[in-house]
Amino acid sequence: MSSAAQVAVAALLLIFCSLVAAQLPQRASTASSKPRFVTQLNVSGCPLVVYDSGEHALEIEPIMCVTGAIEKQPLKLDLISQILYIRVPMLLWDADMLAQAGLQLRNVSLKPVRFATVTNIGAVATKSSVIGFEWSSNHSAGVLKIGINNTEAALMMMTRETSPTDALDQVQLKVTILSNRKFRQVTLRPVARNRGFTELSLLSARYELETCSDIKFVLLMHHRNRQVRVFQRLDSRGAYYIEPLLWSVDKSTYGPVEYDYGRNMHYLKLDLVLQDEATLDAVRTQLAELSPRSVEFMRLWAVERSVSSLLSSRFEVGPLMVSADWKFAQLRLYCRSIKQCTNLKSNVMTKDPFAFWYHINWHPTSIVNSDCLFKSDSTVSSGKTESSTDAISCSRSASCAYLRSLARSGDLSFGKLKRLADGRWFFIIQQRVSAEESFRRTLASYIRGFGNENNFWIGLNRIASLTDGGATLRVEMKLWNGTEWYAEYSNFTVEGVGSMYRMTYREMLRDKSNAKHDAMQYHKGMQFSTINVDNDRDRRKSCSNAYGGGGWWFNSCYHFNPNGLFPTSPTINLKYMLWHSDRWMSIRLVRLMVQL
């Protein structure tokens, strides 16, 4: 082949490769027409959905938030259709909300943020009528006109027996957005400020997220007779995530039976918890030995549900709605009549809600750290489970027999179970993880027990029963520098009220302790003292009153004060939680527990 021919062939190949290369970005961009979901914010009571369309800035969907009181809007008559309607002013975007969103997104992305460009808005309703949506281009607000097409509903609304806000749930807004030089139509629902719930299926249909490939299950925990599943992000050291709870809310009373005039049906609102601060604290406590860098909840993205035929044949289960902050969900249960709803509320939901939730199971898909999706491999129930106390292996028959008697009597109001890495089970008798519970109490309180799920003292009578005959005591502490200390003691015993709950033990178990100094030695053989009962050996003052008000086996006065004031920063003030080694050590977390 001549050199001229070779040059011509090379030129043709170069042109061909250039054409192929030019097509590659186009093919990649058409692989998915959906932008990437970033997060949902709650700003001034309105949910803001943030996404990344691939441009230099993040974008926020039009808010479609009702900022005024719909109940104050008068009924009007549309002269053309002869249908009664109400005008619902609706906010699309707002400069102050944009500024607040920018502040909340500083740790999420370096990109600036702006509201999406809206070119058109239409409105339809599933089972009610919509007169239309009034809006002019570039205006930050519009007006939705909701028709009331049945006389009964109009009368109920005029007499305030039902709220027109309920009609928003039946409205869908078809919004055209110009994003990344392309027009995209999305379906949104209007939402009332501080009341809004987003329908999960609509949100997940608009956006895409990749599937997580680096999530590992690490812990199944029982909390409040519910299951809590915890996972670890393998590509981020020390990052742990809790699956959305989907727990039913325990209520002694439920709200009134409500009427949806759009659907012409009565219904009950059933609330579910997705995220819970007490559960988050409990998981952090359980993971403390692993020194997690972060522990947070996944956010519910989509959910498959199965409803038993027994329930679906009698009631209609509505779609699952999620609050703007992703902490709560709501389910509507539609009834054939007001009597059916009333009977369900009074005979089932307030007496035995598990009998209802038994008929619904969830299979959730969740967002992990705003960048990928995790689909659960298990089915979640919203009802409570039975206590698993009897399944625990015990080393002492006395403590296990007493623990099981507490479980049978329902008297496990305080205390938790913890399993160590070596397989031993312990029952936690005291725990301090935050300052929310005061330990400045009288002797009667320390005898009876007090506290909540995170900070508690189970009661001297219970401790005496659990340690009858001697038990292994384990003290666990976390210092402010992150160091974790623990110490174990053999034959720990608390006597009864006749001896004023005298405490003793045989020895500190050095092979099961990493604390160098035995601070408990100073308290060995002492009776229990509180702010109103002084059994210590200091003749000049009450140790309890002088050093934080907590009850303890004070000597004259202490080397260990786990029930003193809870510190919010490191301190060696003697009124606070301290452990004495070669010097005073400030404690930020402490728990006492006895081996079962």
# chains A, B, ... in the order shown; residues from 1 in each chain; ligands from 1
call {"tool": "select_by_dssp", "arguments": {"residues": "stretch 277-524 of chain A", "states": "strand (DSSP E or B)", "output": "VMD selection string"}}
result
chain A and resid 294 to 297 299 to 307 316 to 317 321 to 323 328 to 335 360 to 368 372 to 375 380 to 381 416 to 419 425 to 432 440 450 to 451 456 to 457 471 to 479 484 to 494 503 to 504 507 to 508
call {"tool": "residues_around", "arguments": {"residues": "A:Arg432", "least_positions_apart": "4", "cutoff": "7 Å", "atoms": "only C-alpha atoms", "output": "VMD selection string"}}
result
chain A and resid 454 to 456 589 to 591
call {"tool": "residues_around", "arguments": {"residues": "stretch 548-550 of chain A", "least_positions_apart": "2", "cutoff": "6 Å", "atoms": "only C-alpha atoms", "output": "PyMOL selection string"}}
result
chain A and resi 439-440+531+544-545+563-565+575
call {"tool": "write_last_selection", "arguments": {"atoms": "C-alpha atoms", "output": "PDB file, in the first residue's frame"}}
result
ATOM      1  CA  PHE A 439     -30.448  10.790  89.725  1.00  0.00           C
ATOM      2  CA  ARG A 440     -30.981  13.177  92.641  1.00  0.00           C
ATOM      3  CA  ILE A 531     -30.194  12.788  99.959  1.00  0.00           C
ATOM      4  CA  SER A 544     -24.995  12.369  98.842  1.00  0.00           C
ATOM      5  CA  ASN A 545     -26.055  15.994  99.345  1.00  0.00           C
ATOM      6  CA  ASN A 563     -24.922   8.430  90.240  1.00  0.00           C
ATOM      7  CA  GLY A 564     -23.532  11.939  90.613  1.00  0.00           C
ATOM      8  CA  LEU A 565     -24.392  14.792  88.275  1.00  0.00           C
ATOM      9  CA  LYS A 575     -20.337  16.581  92.307  1.00  0.00           C
TER      10      LYS A 575
END
call {"tool": "closest_residue", "arguments": {"among": "A:Val368, A:Leu574, A:Ala302, A:Leu311", "to": "A:Tyr240", "atoms": "only C-alpha atoms"}}
result
A:Val368
call {"tool": "residues_around", "arguments": {"residues": "stretch 283-291 of chain A", "least_positions_apart": "2", "cutoff": "12 Å", "atoms": "only C-alpha atoms", "output": "ChimeraX atom specification"}}
result
/A:218-223,227-232,237-243,276-281,293-297,416-421,428,431-434,453-455,476-479,481-486,588-591
call {"tool": "residues_around", "arguments": {"residues": "A:Val88", "least_positions_apart": "5", "cutoff": "9 Å", "atoms": "only C-alpha atoms", "output": "ChimeraX atom specification"}}
result
/A:66,68-70,73,142-146
call {"tool": "write_last_selection", "arguments": {"atoms": "C-alpha atoms", "output": "compact mmCIF listing (two decimals), in the first residue's frame"}}
result
# COMPACT_ATOMS: atom_id res chain seq x y z
CA VAL A 66 -49.81 25.49 51.38
CA GLY A 68 -52.05 29.54 54.92
CA ALA A 69 -55.01 28.07 56.77
CA ILE A 70 -57.24 26.35 54.22
CA GLN A 73 -60.98 29.93 52.77
CA GLY A 142 -50.12 29.95 42.49
CA VAL A 143 -53.69 29.06 43.43
CA LEU A 144 -55.21 25.58 43.35
CA LYS A 145 -59.01 25.50 42.93
CA ILE A 146 -60.44 22.33 44.51
call {"tool": "select_by_dssp", "arguments": {"residues": "stretch 278-506 of chain A", "states": "alpha helix (DSSP H)", "output": "ChimeraX atom specification"}}
result
/A:278-286,309-312,338-344,354-357,397-409,443-448,460-466
call {"tool": "atom_distance", "arguments": {"atom1": "atom CA of A:Met508", "atom2": "atom CA of A:Asn461"}}
result
23.7 Å
call {"tool": "closest_residue", "arguments": {"among": "A:Val186, A:Val249, A:Val307, A:Leu202", "to": "A:Thr350", "atoms": "only C-alpha atoms"}}
result
A:Val249
call {"tool": "closest_residue", "arguments": {"among": "A:Pro319, A:Gly469, A:Pro35, A:Pro62", "to": "A:Val303", "atoms": "only C-alpha atoms"}}
result
A:Pro319
call {"tool": "residues_around", "arguments": {"residues": "A:Glu488", "least_positions_apart": "3", "cutoff": "7 Å", "atoms": "only C-alpha atoms", "output": "list of chain:residue names"}}
result
A:Thr472, A:Leu473, A:Arg474, A:Val475, A:Met508, A:Leu509, A:Lys512, A:Ser513
call {"tool": "atom_distance", "arguments": {"atom1": "atom CA of A:Ile177", "atom2": "atom CA of A:Pro47"}}
result
17.9 Å
call {"tool": "residues_around", "arguments": {"residues": "A:Leu173", "least_positions_apart": "3", "cutoff": "7 Å", "atoms": "only C-alpha atoms", "output": "number ranges by chain"}}
result
A: 121-124, 187-189
call {"tool": "write_last_selection", "arguments": {"atoms": "C-alpha atoms", "output": "mmCIF file, in the first residue's frame"}}
result
data_model
loop_
_atom_site.group_PDB
_atom_site.id
_atom_site.type_symbol
_atom_site.label_atom_id
_atom_site.label_comp_id
_atom_site.auth_asym_id
_atom_site.auth_seq_id
_atom_site.Cartn_x
_atom_site.Cartn_y
_atom_site.Cartn_z
ATOM 1 C CA ILE A 121 -48.412 23.326 35.929
ATOM 2 C CA GLY A 122 -51.580 21.298 35.567
ATOM 3 C CA ALA A 123 -53.748 19.666 38.217
ATOM 4 C CA VAL A 124 -55.839 16.502 38.339
ATOM 5 C CA THR A 187 -46.059 14.382 39.468
ATOM 6 C CA LEU A 188 -46.218 16.202 42.800
ATOM 7 C CA ARG A 189 -48.772 16.402 45.577
#
call {"tool": "atom_distance", "arguments": {"atom1": "atom CA of A:Ala444", "atom2": "atom CA of A:Arg502"}}
result
15.8 Å
